[in-house]
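Participant: Below is a structure I'd like to ask you about.
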Amino acid sequence: MTESLVRSAKRTRVRSTLFVTALLIAAGASLTVLRSTAEVAHTIPAPAVDEQAEPGAQAVTSEIAVLAGGCFWGVQGVFQHVNGVTSAVSGYAGGEQKTAHYEVVGSGRTGHAESVRITFDPRTISYGRILQIYFSVAHDPTQLNRQGPDVGTQYRSAIFPASTEQARVAKAYIAQLNQARVYNAAIVTKIEPDREFYAAEDYHQDYLTRYPSQPYIVYNDLPKIEDLKRLFPEVYRTDPVLVAAARPTN
């Protein structure tokens with residue numbers, strides 16, 4: 001599937017929303033107006049339980065978190081603006097390698113979720129802090145098998161832990177947030193261990209940065225960047241860490 005067809009398919013799914021959005025953009029509406037009512041950022045407490053290094057263990061300089069929370073364009077865009085994140089790659093997790101392709105995943109029958117593989121330096125930002133941003137800014141964890149205008153199991157809220165320690169932290173944090181009742185509904189995020197991540201097609205990478213004026217991005221994703229800057233100013237980075245910048249050039 002070509003990049004233009006992908007954008008066309010996304011526009012078709014949310015055509016009524018984007019039509020209204022385009023009119024608002026033409027009228028000069030601000031980002032505070034142009035936002036998905038299904039994805040409003042929440043101020044939530046930091047995790048009471050976070051990863052603990054083994055006594056005497058050598059300091060870890062790089063760790064991976066794989067998270068799913070709706071369309072990967074916005075989730076990738078958020079974490080590319082987080083200090084301590086060295087890479088954020090859009091992709092698929094939850095299914096088999098042979099079905100890890102956009103046009104197949106879009107059927108909702110592959111077991112995959114649109115996901116983002118986040119590589120970060122735990123000396124700068126902890127796994128718990130990554131989850132705090134994920135639950136408060138990157139998506140709405142109370143949406144079951146959907147996110148904003150996108151519907152299907154491929155848009156589910158899911159955490160794919162890379163270790164038993166990550167799974168422990170995620171489980172404890174979900175319980176903490178549910179007990180604190182910071183949302184109007186229960187968190188539906190699933191913890192799905194032992195799943196492989198497969199990078200998405202090149203045309204999906206750095207999508208928010210490359211197409212900031214696309215109506216879907218304007219309406220659903222750019223407000224997340226503003227929320228990150230507002231709620232987490234201490235970790236916000238102006239210049240995103242891009243997939244394209246990490247690729248070797250000939």
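Order determines the names: the first chain of the structure tokens is A, the second B, and so forth; residues in each chain are numbered 1 upward, and ligands are numbered 1 upward as they are shown.
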Once you count only C-alpha atoms, what closest atom pair and distance in Å to one decimal does each residue of region 134-175 of chain A within 10 Å of region 108-120 of chain A have, with rows by chain and rising residue number, as a tab-separated table?
Facilitator:
residue	atom	partner	partner_atom	distance
A:Asn145	CA	A:Ala113	CA	9.6
A:Val151	CA	A:Gly108	CA	9.1
A:Gly152	CA	A:Gly108	CA	5.8
A:Thr153	CA	A:Gly108	CA	5.6
A:Gln154	CA	A:Ala113	CA	4.0
A:Tyr155	CA	A:Ala113	CA	5.7
A:Arg156	CA	A:Ala113	CA	6.3
A:Ser157	CA	A:Ala113	CA	8.2
A:Ala158	CA	A:Ala113	CA	7.8
A:Ile159	CA	A:Ser115	CA	9.0
A:Phe160	CA	A:Ser115	CA	9.1
Participant: Take the residues just selected and output them with C-alpha atoms as a PDB file, in the first residue's frame.
Facilitator:
ATOM      1  CA  ASN A 145     -10.497  -1.662  21.360  1.00  0.00           C
ATOM      2  CA  VAL A 151     -11.991   1.364  16.033  1.00  0.00           C
ATOM      3  CA  GLY A 152     -10.756  -2.231  16.202  1.00  0.00           C
ATOM      4  CA  THR A 153      -8.507  -4.503  18.260  1.00  0.00           C
ATOM      5  CA  GLN A 154      -5.530  -3.168  16.311  1.00  0.00           C
ATOM      6  CA  TYR A 155      -6.080   0.114  18.186  1.00  0.00           C
ATOM      7  CA  ARG A 156      -6.291  -1.452  21.647  1.00  0.00           C
ATOM      8  CA  SER A 157      -4.495  -0.199  24.713  1.00  0.00           C
ATOM      9  CA  ALA A 158      -1.741  -2.691  25.513  1.00  0.00           C
ATOM     10  CA  ILE A 159       1.654  -2.961  27.153  1.00  0.00           C
ATOM     11  CA  PHE A 160       4.129  -5.522  25.834  1.00  0.00           C
TER      12      PHE A 160
END
Participant: Would you give me, as JSON, numbers by chain, the residues in region 3-250 of chain A that DSSP reads as strand (DSSP E or B)?
Facilitator: {"A": [63, 64, 65, 66, 67, 68, 69, 82, 85, 86, 87, 88, 89, 90, 91, 92, 93, 113, 114, 115, 116, 117, 118, 119, 120, 146, 147, 150, 151, 157, 158, 159, 160, 190, 191, 197, 198, 199, 236]}
Participant: Counting only C-alpha atoms, what are the residues of region 35-84 of chain A within 10 Å of region 92-107 of chain A, and for each of them which pair of atoms is the nearest and at what distance in Å, to one decimal? Sort the table by chain and rising number, as a tab-separated table.
Facilitator:
residue	atom	partner	partner_atom	distance
A:Val66	CA	A:Ala93	CA	8.2
A:Leu67	CA	A:Ala93	CA	8.8
A:Ala68	CA	A:Ala93	CA	8.2
A:Phe72	CA	A:Tyr92	CA	9.0
Participant: Those same residues, written as a PDB file, in the first residue's frame with C-alpha atoms?
Facilitator:
ATOM      1  CA  VAL A  66       6.720  -1.445  23.686  1.00  0.00           C
ATOM      2  CA  LEU A  67       3.378   0.313  24.061  1.00  0.00           C
ATOM      3  CA  ALA A  68       0.130   0.372  22.078  1.00  0.00           C
ATOM      4  CA  PHE A  72       0.936   4.769  16.236  1.00  0.00           C
TER       5      PHE A  72
END
Participant: Between CA of Asp150 (chain A) and CA of Val137 (chain A), what is the spacing in Å?
Facilitator: 17.1 Å
Participant: Counting only C-alpha atoms, what is within 9 Å of region 166-175 of chain A, bar same-chain residues fewer than 2 positions away, as number ranges by chain?
Facilitator: A: 46-51, 65, 127-128, 131-132, 159-164, 177-180, 187, 189, 191-193
Participant: Rank A:Arg129, A:Arg195, A:Gln205, A:Ala185 by their smallest atom-to-atom distance to Arg247 (chain A), using only C-alpha atoms, and report the top residue only.
Facilitator: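 The shortest atom-to-atom distance to Arg247 (chain A) comes from A:Gln205.
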Participant: Near Ile133 (chain A), within 10 Å and counting only C-alpha atoms, which residues show up once chain neighbours fewer than 5 positions away are dropped, as a list in words?
Facilitator: Ala41, His42, Thr43, Ile44, Ala46, Val78, Phe79, Val82, Gly128, Ala138, His139, Asp227, Leu228, Leu231 and Phe232 of chain A
Participant: Could those selected residues go to a file with C-alpha atoms, as a compact mmCIF listing (two decimals), in the first residue's frame?
Facilitator:
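What ended up in selection_31.txt:
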# COMPACT_ATOMS: atom_id res chain seq x y z
CA ALA A 41 -4.94 14.44 28.87
CA HIS A 42 -5.16 13.65 32.57
CA THR A 43 -2.94 14.75 35.42
CA ILE A 44 -2.10 11.52 37.19
CA ALA A 46 3.65 9.13 39.38
CA VAL A 78 4.78 12.00 21.79
CA PHE A 79 7.74 9.86 22.81
CA VAL A 82 10.62 12.99 25.50
CA GLY A 128 7.60 4.19 35.35
CA ALA A 138 -0.24 9.49 24.71
CA HIS A 139 -3.71 7.90 24.79
CA ASP A 227 -0.17 18.29 26.57
CA LEU A 228 3.27 16.73 26.96
CA LEU A 231 2.19 18.45 31.91
CA PHE A 232 5.80 17.26 31.65
Participant: For Leu144 (chain A), which residue among A:Val89, A:Ile130, A:Ala186, A:Ala200 is the nearest when counting only C-alpha atoms?
Facilitator: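 Of A:Val89, A:Ile130, A:Ala186, A:Ala200, the one nearest Leu144 (chain A) is A:Ala186, counting only C-alpha atoms.
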Participant: Report the residues of region 27-96 of chain A whose backbone DSSP state falls under alpha helix (DSSP H), written as a list of chain:residue names.
Facilitator: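 Taking region 27-96 of chain A and keeping alpha helix (DSSP H) gives A:Phe72, A:Trp73, A:Gly74, A:Val75, A:Gln76, A:Gly77, A:Val78, A:Phe79, A:Gln80.
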Participant: Could those residues be written to a file, using N, CA and C atoms, as a PDB file, in the first residue's frame?
Facilitator:
ATOM      1  N   PHE A  72      -0.439   4.601  15.777  1.00  0.00           N
ATOM      2  CA  PHE A  72       0.936   4.769  16.236  1.00  0.00           C
ATOM      3  C   PHE A  72       1.556   6.101  15.852  1.00  0.00           C
ATOM      4  N   TRP A  73       0.945   6.835  14.933  1.00  0.00           N
ATOM      5  CA  TRP A  73       1.517   8.136  14.557  1.00  0.00           C
ATOM      6  C   TRP A  73       1.647   9.057  15.772  1.00  0.00           C
ATOM      7  N   GLY A  74       0.581   9.164  16.540  1.00  0.00           N
ATOM      8  CA  GLY A  74       0.578  10.071  17.679  1.00  0.00           C
ATOM      9  C   GLY A  74       1.421   9.575  18.835  1.00  0.00           C
ATOM     10  N   VAL A  75       1.359   8.271  19.121  1.00  0.00           N
ATOM     11  CA  VAL A  75       2.142   7.718  20.221  1.00  0.00           C
ATOM     12  C   VAL A  75       3.632   7.878  19.931  1.00  0.00           C
ATOM     13  N   GLN A  76       4.033   7.587  18.699  1.00  0.00           N
ATOM     14  CA  GLN A  76       5.431   7.786  18.318  1.00  0.00           C
ATOM     15  C   GLN A  76       5.811   9.256  18.465  1.00  0.00           C
ATOM     16  N   GLY A  77       4.950  10.138  17.975  1.00  0.00           N
ATOM     17  CA  GLY A  77       5.244  11.562  18.031  1.00  0.00           C
ATOM     18  C   GLY A  77       5.451  12.059  19.448  1.00  0.00           C
ATOM     19  N   VAL A  78       4.632  11.581  20.388  1.00  0.00           N
ATOM     20  CA  VAL A  78       4.777  11.998  21.788  1.00  0.00           C
ATOM     21  C   VAL A  78       6.143  11.592  22.324  1.00  0.00           C
ATOM     22  N   PHE A  79       6.498  10.327  22.189  1.00  0.00           N
ATOM     23  CA  PHE A  79       7.737   9.859  22.808  1.00  0.00           C
ATOM     24  C   PHE A  79       8.984  10.351  22.079  1.00  0.00           C
ATOM     25  N   GLN A  80       8.848  10.763  20.829  1.00  0.00           N
ATOM     26  CA  GLN A  80       9.990  11.377  20.150  1.00  0.00           C
ATOM     27  C   GLN A  80      10.339  12.734  20.752  1.00  0.00           C
TER      28      GLN A  80
END
Participant: Using only C-alpha atoms for the distances, tell me which of A:His81, A:Tyr198, A:Phe135, A:Ser62 is nearest to Glu226 (chain A).
Facilitator: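 Result for the nearest residue to Glu226 (chain A): A:His81.
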Participant: What is the distance between CA of Asp194 (chain A) and CA of Ala246 (chain A), in Å to one decimal?
Facilitator: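 It comes out at 26.9 Å.
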